[in-house]
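Quick look at work36.txt (compact mmCIF, C-alpha atoms and all ligand atoms):
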```txt
# COMPACT_ATOMS: atom_id res chain seq x y z
CA MET P 1 -73.32 -66.98 -2.61
CA THR P 2 -75.49 -69.76 -1.20
CA ARG P 3 -79.10 -68.86 -1.66
CA HIS P 4 -82.36 -70.51 -0.67
CA PRO P 5 -85.15 -68.33 -1.99
CA HIS P 6 -88.00 -69.93 -0.04
CA PRO P 7 -86.84 -70.60 3.50
CA SER P 8 -89.35 -72.21 5.75
CA PRO P 9 -90.25 -69.83 8.60
CA SER P 10 -89.39 -72.51 11.16
CA GLN P 11 -85.79 -72.55 9.89
CA GLY P 12 -85.42 -68.82 10.39
CA PRO P 13 -83.90 -66.53 7.78
CA VAL P 14 -81.30 -67.85 5.38
CA VAL P 15 -77.71 -66.73 5.89
CA HIS P 16 -75.91 -65.76 2.68
CA ASP P 17 -72.17 -66.34 2.49
CA TRP P 18 -70.46 -63.27 1.07
CA ALA P 19 -66.91 -64.29 0.15
CA VAL P 20 -65.90 -60.78 -1.03
CA ALA P 21 -64.09 -62.13 -4.12
CA PRO P 22 -61.49 -59.85 -5.77
CA LEU P 23 -62.98 -57.49 -8.33
CA ARG P 24 -61.52 -55.53 -11.22
CA GLY P 25 -62.10 -51.97 -12.31
CA THR P 26 -65.52 -50.74 -11.35
CA ASP P 27 -67.14 -54.19 -11.53
CA PHE P 28 -69.89 -54.28 -8.95
CA ASP P 29 -69.86 -57.10 -6.41
CA PRO P 30 -72.60 -59.52 -7.53
CA VAL P 31 -73.63 -60.46 -3.97
CA PRO P 32 -74.91 -57.06 -2.76
CA HIS P 33 -76.13 -56.31 -6.30
CA ARG P 34 -78.45 -59.33 -6.15
CA LEU P 35 -79.47 -58.84 -2.53
CA LEU P 36 -80.48 -55.23 -3.27
CA ARG P 37 -83.04 -56.58 -5.73
CA GLU P 38 -84.06 -59.83 -4.05
CA GLU P 39 -83.58 -59.48 -0.30
CA PRO P 40 -82.72 -55.91 0.65
CA VAL P 41 -82.43 -56.72 4.36
CA ALA P 42 -80.58 -60.05 4.43
CA ARG P 43 -78.48 -62.08 6.81
CA ILE P 44 -74.87 -62.45 5.70
CA ARG P 45 -71.71 -64.20 6.80
CA LEU P 46 -68.39 -62.60 5.80
CA PRO P 47 -64.97 -64.30 5.59
CA TYR P 48 -63.86 -63.36 9.13
CA GLY P 49 -65.36 -62.92 12.59
CA GLU P 50 -68.15 -64.98 14.06
CA GLY P 51 -71.82 -65.59 13.39
CA HIS P 52 -73.80 -63.50 10.98
CA ALA P 53 -75.05 -59.95 10.61
CA TRP P 54 -77.76 -58.13 8.70
CA LEU P 55 -76.85 -56.46 5.43
CA VAL P 56 -78.96 -53.48 4.40
CA THR P 57 -78.65 -52.41 0.75
CA ARG P 58 -81.61 -50.23 -0.28
CA TYR P 59 -81.13 -46.44 -0.39
CA GLU P 60 -83.96 -45.55 2.02
CA ASP P 61 -83.13 -48.39 4.42
CA VAL P 62 -79.41 -47.50 4.44
CA LYS P 63 -80.32 -43.90 5.25
CA GLN P 64 -82.67 -45.03 8.01
CA VAL P 65 -80.10 -47.27 9.71
CA SER P 66 -77.24 -44.79 9.46
CA ALA P 67 -79.31 -41.90 10.87
CA ASP P 68 -80.98 -43.87 13.70
CA PRO P 69 -79.22 -43.54 17.08
CA ARG P 70 -80.73 -46.90 18.11
CA PHE P 71 -77.96 -48.44 16.00
CA SER P 72 -74.79 -48.10 18.06
CA ARG P 73 -71.14 -48.15 17.06
CA ALA P 74 -69.83 -48.28 20.63
CA LEU P 75 -71.55 -51.64 21.16
CA THR P 76 -69.40 -53.19 18.40
CA VAL P 77 -66.26 -52.82 20.54
CA GLY P 78 -64.95 -56.17 21.73
CA ARG P 79 -67.45 -58.21 19.71
CA PRO P 80 -66.12 -60.55 16.98
CA ILE P 81 -68.83 -59.51 14.50
CA THR P 82 -68.59 -61.11 11.06
CA SER P 83 -66.36 -58.88 8.93
CA THR P 84 -64.38 -58.45 5.71
CA THR P 85 -60.96 -58.27 7.39
CA PRO P 86 -59.35 -60.51 10.03
CA HIS P 87 -58.58 -57.53 12.26
CA THR P 88 -60.77 -54.59 13.17
CA LEU P 89 -59.61 -51.56 11.27
CA ALA P 90 -61.09 -48.89 13.44
CA PRO P 91 -59.61 -48.74 16.89
CA ALA P 92 -61.86 -48.57 19.95
CA GLY P 93 -61.88 -44.96 21.10
CA GLY P 94 -61.91 -43.85 17.48
CA VAL P 95 -64.57 -41.57 16.09
CA GLY P 96 -65.95 -44.38 13.89
CA ARG P 97 -66.75 -46.55 16.87
CA ALA P 98 -68.11 -43.96 19.29
CA ASP P 99 -71.70 -42.92 20.07
CA PRO P 100 -72.88 -39.55 21.38
CA PRO P 101 -71.85 -37.76 23.53
CA ASP P 102 -68.26 -39.01 22.90
CA HIS P 103 -68.79 -39.06 19.16
CA THR P 104 -70.15 -35.50 19.12
CA ARG P 105 -67.22 -34.27 21.22
CA LEU P 106 -64.66 -35.90 18.91
CA ARG P 107 -66.28 -34.61 15.71
CA ARG P 108 -66.39 -31.06 17.12
CA LEU P 109 -62.63 -31.16 17.67
CA ILE P 110 -61.90 -31.76 14.00
CA ALA P 111 -64.83 -29.86 12.46
CA PRO P 112 -62.96 -26.54 11.91
CA THR P 113 -60.07 -28.26 10.10
CA PHE P 114 -62.38 -30.01 7.65
CA GLY P 115 -65.08 -27.34 7.43
CA ARG P 116 -66.10 -25.48 4.28
CA ARG P 117 -64.16 -22.28 5.12
CA ARG P 118 -60.83 -24.02 5.68
CA ILE P 119 -61.23 -26.19 2.60
CA THR P 120 -62.01 -23.14 0.43
CA VAL P 121 -58.72 -21.58 1.55
CA LEU P 122 -56.91 -24.84 0.84
CA ARG P 123 -58.31 -25.08 -2.70
CA ASP P 124 -56.00 -22.41 -4.17
CA ARG P 125 -52.89 -23.96 -2.69
CA THR P 126 -53.97 -27.43 -3.82
CA THR P 127 -54.58 -26.09 -7.34
CA ARG P 128 -51.07 -24.60 -7.51
CA ARG P 129 -49.61 -27.87 -6.28
CA ALA P 130 -51.65 -29.88 -8.77
CA ARG P 131 -50.41 -27.68 -11.64
CA ARG P 132 -46.79 -28.09 -10.54
CA LEU P 133 -47.12 -31.87 -10.36
CA ALA P 134 -48.90 -31.95 -13.74
CA LEU P 135 -46.10 -29.90 -15.32
CA ARG P 136 -43.52 -32.24 -13.87
CA THR P 137 -45.38 -35.22 -15.33
CA LEU P 138 -45.67 -33.45 -18.71
CA ASP P 139 -41.96 -32.62 -18.71
CA ALA P 140 -40.99 -36.22 -17.99
CA GLY P 141 -43.02 -37.24 -21.06
CA PRO P 142 -45.40 -40.14 -21.66
CA PRO P 143 -46.15 -42.75 -20.50
CA ALA P 144 -46.70 -41.90 -16.83
CA ASP P 145 -48.31 -43.66 -13.90
CA LEU P 146 -50.76 -40.99 -12.76
CA ALA P 147 -51.49 -42.74 -9.47
CA GLU P 148 -47.80 -42.59 -8.60
CA THR P 149 -46.82 -39.22 -10.09
CA PHE P 150 -49.95 -37.15 -9.53
CA VAL P 151 -52.92 -38.42 -7.51
CA GLY P 152 -50.95 -40.24 -4.79
CA PRO P 153 -48.41 -37.49 -4.01
CA LEU P 154 -51.01 -34.72 -4.13
CA SER P 155 -53.47 -36.39 -1.75
CA ALA P 156 -50.62 -37.39 0.58
CA THR P 157 -49.14 -33.88 0.85
CA VAL P 158 -52.54 -32.26 1.38
CA VAL P 159 -53.51 -34.47 4.31
CA ALA P 160 -49.99 -34.55 5.75
CA GLU P 161 -49.92 -30.76 5.83
CA LEU P 162 -53.39 -30.45 7.39
CA LEU P 163 -52.49 -32.89 10.12
CA GLY P 164 -48.86 -31.90 10.55
CA VAL P 165 -47.22 -35.18 9.53
CA PRO P 166 -43.68 -34.33 8.28
CA ALA P 167 -43.28 -35.09 4.56
CA ALA P 168 -40.19 -37.16 5.39
CA ASP P 169 -42.36 -39.62 7.34
CA LEU P 170 -44.86 -40.26 4.56
CA ASP P 171 -43.11 -43.38 3.23
CA ARG P 172 -43.29 -44.99 6.64
CA VAL P 173 -46.96 -44.06 7.01
CA GLU P 174 -47.59 -45.50 3.54
CA GLU P 175 -46.11 -48.85 4.65
CA TRP P 176 -48.38 -48.91 7.70
CA ARG P 177 -51.32 -48.09 5.46
CA ALA P 178 -50.59 -51.06 3.20
CA GLY P 179 -50.34 -53.40 6.19
CA LEU P 180 -53.41 -52.13 7.95
CA LEU P 181 -55.75 -52.02 4.98
CA SER P 182 -54.81 -55.41 3.54
CA HIS P 183 -57.21 -58.34 3.90
CA ASP P 184 -54.16 -60.62 4.15
CA THR P 185 -52.83 -59.04 7.31
CA THR P 186 -53.48 -61.40 10.22
CA ALA P 187 -55.03 -60.18 13.44
CA ALA P 188 -51.61 -60.35 15.18
CA GLU P 189 -49.85 -58.45 12.38
CA GLY P 190 -52.66 -55.90 12.36
CA GLU P 191 -52.23 -55.34 16.10
CA SER P 192 -48.48 -54.91 15.70
CA VAL P 193 -48.90 -52.32 12.90
CA LYS P 194 -51.49 -50.53 15.04
CA ARG P 195 -49.06 -50.41 17.96
CA GLU P 196 -46.30 -48.97 15.77
CA ILE P 197 -48.51 -46.32 14.21
CA ALA P 198 -50.00 -45.46 17.62
CA GLY P 199 -46.48 -44.98 19.01
CA TYR P 200 -45.59 -42.73 16.09
CA PHE P 201 -48.60 -40.43 16.54
CA ALA P 202 -48.24 -40.38 20.34
CA ASP P 203 -44.63 -39.14 19.89
CA LEU P 204 -45.67 -36.61 17.27
CA ALA P 205 -48.41 -35.24 19.57
CA ARG P 206 -45.95 -35.02 22.46
CA HIS P 207 -43.58 -33.04 20.26
CA ARG P 208 -46.36 -30.69 19.09
CA ALA P 209 -47.58 -30.15 22.65
CA GLU P 210 -44.16 -28.59 23.30
CA HIS P 211 -43.68 -26.96 19.88
CA PRO P 212 -47.15 -26.14 18.54
CA ALA P 213 -47.56 -25.52 14.81
CA ASP P 214 -50.54 -24.54 12.65
CA ASP P 215 -51.84 -28.06 12.19
CA LEU P 216 -54.45 -30.47 13.52
CA ILE P 217 -52.08 -32.59 15.64
CA SER P 218 -51.09 -29.42 17.53
CA GLU P 219 -54.77 -28.54 18.06
CA LEU P 220 -55.54 -32.05 19.28
CA ALA P 221 -52.52 -31.98 21.59
CA ALA P 222 -53.79 -28.68 23.06
CA ALA P 223 -57.30 -30.13 23.44
CA ARG P 224 -55.81 -33.14 25.23
CA ALA P 225 -53.94 -30.87 27.63
CA ALA P 226 -57.25 -29.10 28.36
CA GLY P 227 -58.96 -32.45 29.07
CA GLY P 228 -60.91 -32.48 25.77
CA LEU P 229 -59.74 -35.92 24.66
CA SER P 230 -57.60 -38.81 25.83
CA THR P 231 -54.31 -40.02 24.32
CA PRO P 232 -55.92 -43.15 22.75
CA GLU P 233 -58.63 -40.94 21.25
CA LEU P 234 -56.03 -38.56 19.83
CA VAL P 235 -54.03 -41.41 18.33
CA SER P 236 -57.11 -43.08 16.81
CA MET P 237 -58.18 -39.81 15.28
CA ALA P 238 -54.76 -39.16 13.73
CA VAL P 239 -54.56 -42.71 12.35
CA MET P 240 -58.06 -42.62 10.88
CA LEU P 241 -57.54 -39.23 9.24
CA THR P 242 -54.13 -40.12 7.83
CA LEU P 243 -55.25 -43.44 6.39
CA ASN P 244 -58.42 -42.01 4.86
CA GLY P 245 -56.59 -39.00 3.48
CA LEU P 246 -53.86 -41.14 1.94
CA ASP P 247 -55.81 -44.10 0.74
CA ALA P 248 -59.42 -43.20 0.02
CA VAL P 249 -58.60 -40.15 -2.09
CA ARG P 250 -55.71 -41.79 -3.97
CA ASN P 251 -57.84 -44.78 -4.90
CA ILE P 252 -61.03 -43.02 -5.73
CA VAL P 253 -59.55 -40.18 -7.76
CA SER P 254 -57.35 -42.63 -9.72
CA THR P 255 -60.50 -44.66 -10.40
CA MET P 256 -62.32 -41.48 -11.47
CA VAL P 257 -59.60 -40.85 -14.06
CA TYR P 258 -59.88 -44.46 -15.25
CA VAL P 259 -63.67 -44.14 -15.56
CA LEU P 260 -63.39 -40.89 -17.52
CA LEU P 261 -60.80 -42.37 -19.88
CA THR P 262 -62.99 -45.43 -20.52
CA HIS P 263 -66.14 -43.32 -21.10
CA PRO P 264 -64.96 -40.85 -23.79
CA GLU P 265 -68.48 -39.77 -24.77
CA GLN P 266 -69.17 -38.70 -21.16
CA THR P 267 -65.78 -37.02 -20.80
CA ALA P 268 -66.42 -35.03 -23.99
CA LYS P 269 -69.46 -33.48 -22.25
CA LEU P 270 -67.27 -32.48 -19.32
CA ARG P 271 -64.58 -31.01 -21.58
CA ALA P 272 -67.27 -29.04 -23.42
CA ASP P 273 -68.77 -27.68 -20.19
CA PRO P 274 -66.25 -27.47 -17.32
CA ALA P 275 -68.99 -26.03 -15.07
CA LEU P 276 -70.34 -29.57 -15.01
CA LEU P 277 -67.38 -30.71 -12.91
CA PRO P 278 -68.91 -30.66 -9.37
CA ARG P 279 -71.92 -32.63 -10.60
CA ALA P 280 -69.65 -35.01 -12.52
CA VAL P 281 -67.57 -35.66 -9.38
CA ASP P 282 -70.72 -36.53 -7.47
CA GLU P 283 -71.86 -38.89 -10.21
CA LEU P 284 -68.43 -40.56 -10.19
CA LEU P 285 -68.66 -40.92 -6.41
CA ARG P 286 -72.09 -42.53 -6.83
CA TYR P 287 -70.97 -44.82 -9.64
CA ILE P 288 -67.62 -46.07 -8.29
CA PRO P 289 -67.89 -48.96 -5.83
CA GLN P 290 -65.08 -47.67 -3.64
CA ARG P 291 -64.62 -50.53 -1.25
CA ASN P 292 -64.35 -54.31 -1.03
CA GLY P 293 -66.96 -55.72 1.32
CA VAL P 294 -68.46 -53.76 4.17
CA GLY P 295 -66.87 -51.51 6.79
CA MET P 296 -67.94 -51.03 10.34
CA PRO P 297 -71.19 -52.58 11.54
CA ARG P 298 -73.66 -51.17 14.05
CA VAL P 299 -75.50 -52.99 16.85
CA ALA P 300 -79.23 -52.48 17.54
CA THR P 301 -79.92 -51.21 21.07
CA GLU P 302 -83.59 -52.25 20.77
CA ASP P 303 -85.83 -54.03 18.26
CA VAL P 304 -86.08 -51.86 15.12
CA GLU P 305 -88.01 -52.51 11.92
CA VAL P 306 -86.04 -51.91 8.72
CA GLY P 307 -87.59 -52.53 5.30
CA GLY P 308 -90.27 -54.78 6.83
CA VAL P 309 -87.74 -56.91 8.78
CA THR P 310 -87.37 -56.74 12.56
CA ILE P 311 -83.78 -56.36 13.66
CA ARG P 312 -83.58 -57.53 17.25
CA ALA P 313 -81.79 -55.75 20.08
CA GLY P 314 -78.15 -56.90 20.17
CA GLU P 315 -77.99 -57.94 16.49
CA ALA P 316 -75.28 -56.55 14.22
CA VAL P 317 -76.12 -54.64 11.04
CA HIS P 318 -73.95 -53.63 8.10
CA VAL P 319 -75.06 -51.05 5.56
CA PHE P 320 -73.50 -51.13 2.08
CA TYR P 321 -73.35 -47.59 0.74
CA PRO P 322 -72.26 -48.57 -2.81
CA ALA P 323 -75.44 -50.69 -3.18
CA ALA P 324 -77.64 -47.81 -2.01
CA ASN P 325 -75.96 -45.73 -4.71
CA ARG P 326 -77.19 -48.20 -7.34
CA ASP P 327 -80.78 -48.52 -6.04
CA PRO P 328 -83.14 -48.72 -9.06
CA ALA P 329 -85.93 -47.20 -6.93
CA VAL P 330 -83.89 -43.98 -6.68
CA TYR P 331 -81.74 -43.76 -9.84
CA THR P 332 -82.71 -44.29 -13.47
CA ASP P 333 -80.32 -46.73 -15.12
CA PRO P 334 -78.48 -47.07 -11.79
CA ASP P 335 -75.57 -49.07 -13.22
CA GLY P 336 -74.92 -46.51 -15.96
CA LEU P 337 -72.66 -43.45 -15.76
CA ASP P 338 -74.30 -40.10 -16.54
CA LEU P 339 -72.17 -37.10 -15.64
CA THR P 340 -75.18 -34.82 -16.10
CA ARG P 341 -77.33 -36.81 -13.64
CA ALA P 342 -79.29 -34.70 -11.17
CA GLU P 343 -81.07 -37.19 -8.95
CA ALA P 344 -80.97 -38.00 -5.23
CA PRO P 345 -77.67 -37.23 -3.44
CA HIS P 346 -75.37 -40.27 -3.32
CA LEU P 347 -74.34 -41.99 -0.10
CA ALA P 348 -70.66 -42.54 -0.98
CA PHE P 349 -69.65 -40.50 2.09
CA GLY P 350 -72.15 -42.28 4.31
CA HIS P 351 -75.06 -40.62 6.07
CA GLY P 352 -76.09 -39.46 9.53
CA ALA P 353 -73.79 -38.83 12.46
CA HIS P 354 -70.86 -40.81 11.00
CA TYR P 355 -71.01 -38.98 7.65
CA CYS P 356 -67.44 -38.75 6.33
CA ALA P 357 -65.51 -36.02 8.13
CA GLY P 358 -63.31 -35.50 5.06
CA ALA P 359 -66.07 -35.21 2.46
CA GLN P 360 -65.46 -31.52 1.67
CA LEU P 361 -61.73 -32.13 1.43
CA ALA P 362 -62.11 -35.22 -0.76
CA ARG P 363 -64.56 -33.45 -3.09
CA MET P 364 -62.26 -30.43 -3.39
CA GLU P 365 -59.23 -32.62 -4.13
CA ALA P 366 -61.15 -34.59 -6.75
CA GLU P 367 -62.39 -31.42 -8.46
CA VAL P 368 -58.93 -29.83 -8.47
CA MET P 369 -57.20 -32.95 -9.79
CA LEU P 370 -59.72 -33.65 -12.56
CA ALA P 371 -59.83 -29.97 -13.62
CA THR P 372 -56.02 -29.86 -13.77
CA LEU P 373 -55.80 -33.05 -15.82
CA LEU P 374 -58.57 -32.06 -18.25
CA ALA P 375 -57.00 -28.64 -18.84
CA GLY P 376 -53.36 -29.75 -18.93
CA PHE P 377 -53.64 -32.98 -20.94
CA PRO P 378 -56.07 -32.51 -23.85
CA GLY P 379 -55.10 -35.88 -25.36
CA LEU P 380 -55.04 -37.89 -22.13
CA ALA P 381 -55.65 -41.63 -22.71
CA LEU P 382 -54.85 -44.93 -21.03
CA ALA P 383 -51.43 -46.17 -22.16
CA VAL P 384 -52.58 -49.82 -22.07
CA PRO P 385 -55.90 -51.51 -22.90
CA PRO P 386 -58.33 -51.12 -19.94
CA ASP P 387 -58.22 -54.85 -19.13
CA ARG P 388 -54.44 -54.63 -18.62
CA ILE P 389 -54.72 -52.23 -15.67
CA ALA P 390 -53.77 -53.97 -12.42
CA TRP P 391 -56.24 -53.42 -9.57
CA ARG P 392 -55.54 -53.55 -5.87
CA THR P 393 -56.98 -56.77 -4.51
CA GLY P 394 -57.24 -57.98 -0.96
CA SER P 395 -57.44 -54.50 0.43
CA VAL P 396 -60.27 -52.48 1.90
CA ASN P 397 -60.37 -49.65 -0.61
CA ARG P 398 -60.55 -50.47 -4.29
CA GLY P 399 -58.40 -48.67 -6.84
CA PRO P 400 -55.81 -49.21 -9.58
CA GLU P 401 -52.37 -50.46 -8.55
CA THR P 402 -50.94 -48.25 -11.29
CA LEU P 403 -52.63 -45.95 -13.80
CA PRO P 404 -50.46 -45.84 -16.96
CA VAL P 405 -51.49 -42.97 -19.22
CA THR P 406 -50.23 -41.27 -22.33
CA TRP P 407 -51.11 -37.96 -24.07
C1 LIG E 501 -63.36 -39.90 -1.78
C2 LIG E 501 -62.81 -40.18 -0.65
C3 LIG E 501 -63.58 -40.64 0.57
C4 LIG E 501 -64.68 -41.44 0.65
C5 LIG E 501 -65.46 -42.10 -0.48
C6 LIG E 501 -65.01 -41.56 2.06
C7 LIG E 501 -66.08 -42.28 2.55
C8 LIG E 501 -66.38 -42.43 3.90
C9 LIG E 501 -67.41 -43.28 4.41
C10 LIG E 501 -68.37 -44.14 3.57
C11 LIG E 501 -67.39 -43.17 5.77
C12 LIG E 501 -68.16 -44.01 6.77
C13 LIG E 501 -69.49 -43.57 7.17
C14 LIG E 501 -69.98 -44.50 8.27
O1 LIG E 501 -69.22 -44.87 9.18
O2 LIG E 501 -71.15 -44.87 8.22
C15 LIG E 501 -66.33 -42.26 6.11
C16 LIG E 501 -66.03 -41.89 7.39
C17 LIG E 501 -64.97 -41.08 7.71
N1 LIG E 501 -64.11 -40.47 6.82
FE1 LIG E 501 -64.17 -40.55 4.80
N2 LIG E 501 -64.12 -40.85 2.78
C18 LIG E 501 -63.22 -40.25 1.92
C19 LIG E 501 -62.19 -39.42 2.24
C20 LIG E 501 -61.87 -39.02 3.52
C21 LIG E 501 -60.83 -38.09 3.85
C22 LIG E 501 -59.94 -37.35 2.85
C23 LIG E 501 -60.81 -37.97 5.21
C24 LIG E 501 -59.93 -37.14 6.09
C25 LIG E 501 -58.72 -36.83 5.86
C26 LIG E 501 -61.87 -38.83 5.73
C27 LIG E 501 -62.18 -38.98 7.06
C28 LIG E 501 -63.21 -39.74 7.55
C29 LIG E 501 -63.50 -39.90 8.99
C30 LIG E 501 -62.76 -39.28 10.15
C31 LIG E 501 -64.62 -40.74 9.08
C32 LIG E 501 -65.32 -41.20 10.35
C33 LIG E 501 -66.46 -40.31 10.67
C34 LIG E 501 -67.27 -40.76 11.87
O3 LIG E 501 -67.32 -41.94 12.18
O4 LIG E 501 -67.87 -39.88 12.51
N3 LIG E 501 -62.49 -39.44 4.68
N4 LIG E 501 -65.73 -41.81 4.95
```
Re-express the file's structure as structure tokens.
Amino acid sequence: MTRHPHPSPSQGPVVHDWAVAPLRGTDFDPVPHRLLREEPVARIRLPYGEGHAWLVTRYEDVKQVSADPRFSRALTVGRPITSTTPHTLAPAGGVGRADPPDHTRLRRLIAPTFGRRRITVLRDRTTRRARRLALRTLDAGPPADLAETFVGPLSATVVAELLGVPAADLDRVEEWRAGLLSHDTTAAEGESVKREIAGYFADLARHRAEHPADDLISELAAARAAGGLSTPELVSMAVMLTLNGLDAVRNIVSTMVYVLLTHPEQTAKLRADPALLPRAVDELLRYIPQRNGVGMPRVATEDVEVGGVTIRAGEAVHVFYPAANRDPAVYTDPDGLDLTRAEAPHLAFGHGAHYCAGAQLARMEAEVMLATLLAGFPGLALAVPPDRIAWRTGSVNRGPETLPVTW
């Protein structure tokens, strides 16, 4: 990072280059870590896009920006704002890039599927599935790649079933996921993958409009027929939900297992008191830096003061939730793991109107998977030294490539 601690006011604020270098394990990116302490509202330039944007890292400031409707997502559409990836991940028309009233309308359409009641019902079925997969892994004997045999397949089937993506198509969707979420995918390749995946979901929705089933794609197809959303909106929603359901949960729960296995003294507390699990999952969500670089920016619709800095109308702003989760003003020993921690709620699922739509689902899946592993594998351990685990690099979400374990 280039850094000039005492810029002269006539030169304007310094712009920090954030290269988003590959990281291993749960290593925290040094750039936002330092900015959080030294310049919590800073100008940054990322590897792609044009110009610079603000980066907001402190807990209170991140909450302020993400809850303030004067920071718009719709205004990011069509602007080459500095970014981590060469292509924009979230399609225009998608829930992530909409403002009210469109955003409110789109979130209402999916709220019942991801709401507390539906997720509670899903928990039992997910638990039975998790036990079956765990038994299969046990039967095959050690060592096993838990990401491949347990976490990946479980998170994929859960989201595929909720949405109504046939299990036979999951391999194809997985290939699109890899292409779309890679930093190495060029803008042209990204567009081509997006076209393919859009065509797939448009066909699936057409099929479900004629043959409705008990799944979200059928509900969205019915809503489209009633004028509740457009075809591009339906496709964006399906893509966003599928990719998050497949990728975010697989990566973060695999990382949770890695963190538990490399912190035996903490895991012993959890084994001794299984009622600690929900709190432990939240602490793991706070502790794990789940992504490389920043996601979607916002654009100020008027001048707004954040942390003593005036962000001008039209300027782009990124928040970095993982930094907010390590804010020393909010958490004691913020870089340490404490599964019994009971401090401020973390921001791993974001905050405000764009708060993660799948948070209840992701939490439930994490709890079920960790409970199943702790109960079914009393001697669970990494099968290789921690520094031999291969980590996904050059992709948006961080996580282990493989998670070899033994028991
Ligand atoms: C542990 C796993 C997950 C984590 C850490 C996570 C985190 C996040 C974060 C940080 C945001 C962005 C907030 C913002 O734009 O400011 C988000 C948005 C979103 N997530 Fe998740 N997510 C996870 C799993 C899921 C799952 C399983 C689904 C659904 C299947 C999902 C669906 C969404 C959707 C639709 C949005 C966009 C919401 C909006 O813009 O209104 N996520 N998530």
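Distances to ligand LIG 501 (chain E) were evaluated for P:Gln64, P:Thr372, P:Thr262, P:Thr104 using only C-alpha atoms and all ligand atoms, and the minimum falls at P:Thr104.
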Protein, DNA and RNA residues within 10 Å of (-73.5, -42.7, 13.0), all atoms listed in the file, as an NGL selection string: :P and (65-73 or 95-100 or 103 or 298 or 350-356)
Output of the above residues as an mmCIF file, in the frame of the given file, restricted to C-alpha atoms:
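File result.cif, as written:
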```
data_model
loop_
_atom_site.group_PDB
_atom_site.id
_atom_site.type_symbol
_atom_site.label_atom_id
_atom_site.label_comp_id
_atom_site.auth_asym_id
_atom_site.auth_seq_id
_atom_site.Cartn_x
_atom_site.Cartn_y
_atom_site.Cartn_z
ATOM 1 C CA VAL P 65 -80.100 -47.270 9.710
ATOM 2 C CA SER P 66 -77.240 -44.790 9.460
ATOM 3 C CA ALA P 67 -79.310 -41.900 10.870
ATOM 4 C CA ASP P 68 -80.980 -43.870 13.700
ATOM 5 C CA PRO P 69 -79.220 -43.540 17.080
ATOM 6 C CA ARG P 70 -80.730 -46.900 18.110
ATOM 7 C CA PHE P 71 -77.960 -48.440 16.000
ATOM 8 C CA SER P 72 -74.790 -48.100 18.060
ATOM 9 C CA ARG P 73 -71.140 -48.150 17.060
ATOM 10 C CA VAL P 95 -64.570 -41.570 16.090
ATOM 11 C CA GLY P 96 -65.950 -44.380 13.890
ATOM 12 C CA ARG P 97 -66.750 -46.550 16.870
ATOM 13 C CA ALA P 98 -68.110 -43.960 19.290
ATOM 14 C CA ASP P 99 -71.700 -42.920 20.070
ATOM 15 C CA PRO P 100 -72.880 -39.550 21.380
ATOM 16 C CA HIS P 103 -68.790 -39.060 19.160
ATOM 17 C CA ARG P 298 -73.660 -51.170 14.050
ATOM 18 C CA GLY P 350 -72.150 -42.280 4.310
ATOM 19 C CA HIS P 351 -75.060 -40.620 6.070
ATOM 20 C CA GLY P 352 -76.090 -39.460 9.530
ATOM 21 C CA ALA P 353 -73.790 -38.830 12.460
ATOM 22 C CA HIS P 354 -70.860 -40.810 11.000
ATOM 23 C CA TYR P 355 -71.010 -38.980 7.650
ATOM 24 C CA CYS P 356 -67.440 -38.750 6.330
#
```
Taking 2 positions as the minimum chain separation for residues in the same chain, which residues sit within 10 Å of Leu361 (chain P) when counting all atoms listed in the file? Answer as a PDB file with C-alpha atoms, keeping the file's coordinate frame.
```pdb
ATOM      1  CA  THR P 113     -60.070 -28.260  10.100  1.00  0.00           C
ATOM      2  CA  PHE P 114     -62.380 -30.010   7.650  1.00  0.00           C
ATOM      3  CA  GLY P 115     -65.080 -27.340   7.430  1.00  0.00           C
ATOM      4  CA  ARG P 116     -66.100 -25.480   4.280  1.00  0.00           C
ATOM      5  CA  ARG P 118     -60.830 -24.020   5.680  1.00  0.00           C
ATOM      6  CA  ILE P 119     -61.230 -26.190   2.600  1.00  0.00           C
ATOM      7  CA  THR P 120     -62.010 -23.140   0.430  1.00  0.00           C
ATOM      8  CA  LEU P 122     -56.910 -24.840   0.840  1.00  0.00           C
ATOM      9  CA  ARG P 123     -58.310 -25.080  -2.700  1.00  0.00           C
ATOM     10  CA  SER P 155     -53.470 -36.390  -1.750  1.00  0.00           C
ATOM     11  CA  VAL P 158     -52.540 -32.260   1.380  1.00  0.00           C
ATOM     12  CA  VAL P 159     -53.510 -34.470   4.310  1.00  0.00           C
ATOM     13  CA  GLY P 245     -56.590 -39.000   3.480  1.00  0.00           C
ATOM     14  CA  VAL P 249     -58.600 -40.150  -2.090  1.00  0.00           C
ATOM     15  CA  ALA P 357     -65.510 -36.020   8.130  1.00  0.00           C
ATOM     16  CA  GLY P 358     -63.310 -35.500   5.060  1.00  0.00           C
ATOM     17  CA  ALA P 359     -66.070 -35.210   2.460  1.00  0.00           C
ATOM     18  CA  ARG P 363     -64.560 -33.450  -3.090  1.00  0.00           C
ATOM     19  CA  MET P 364     -62.260 -30.430  -3.390  1.00  0.00           C
ATOM     20  CA  GLU P 365     -59.230 -32.620  -4.130  1.00  0.00           C
ATOM     21  CA  ALA P 366     -61.150 -34.590  -6.750  1.00  0.00           C
ATOM     22  CA  GLU P 367     -62.390 -31.420  -8.460  1.00  0.00           C
TER      23      GLU P 367
END
```
Name all residues at most 10 Å from region 24-38 of chain P (count all atoms listed in the file; drop same-chain ones fewer than 2 positions away) and give them as a ChimeraX atom specification. /P:1-2,5,16-22,40-44,55-59,255-256,258-259,287-293,320,322-324,326-329,335,386-387,389-393,398-400
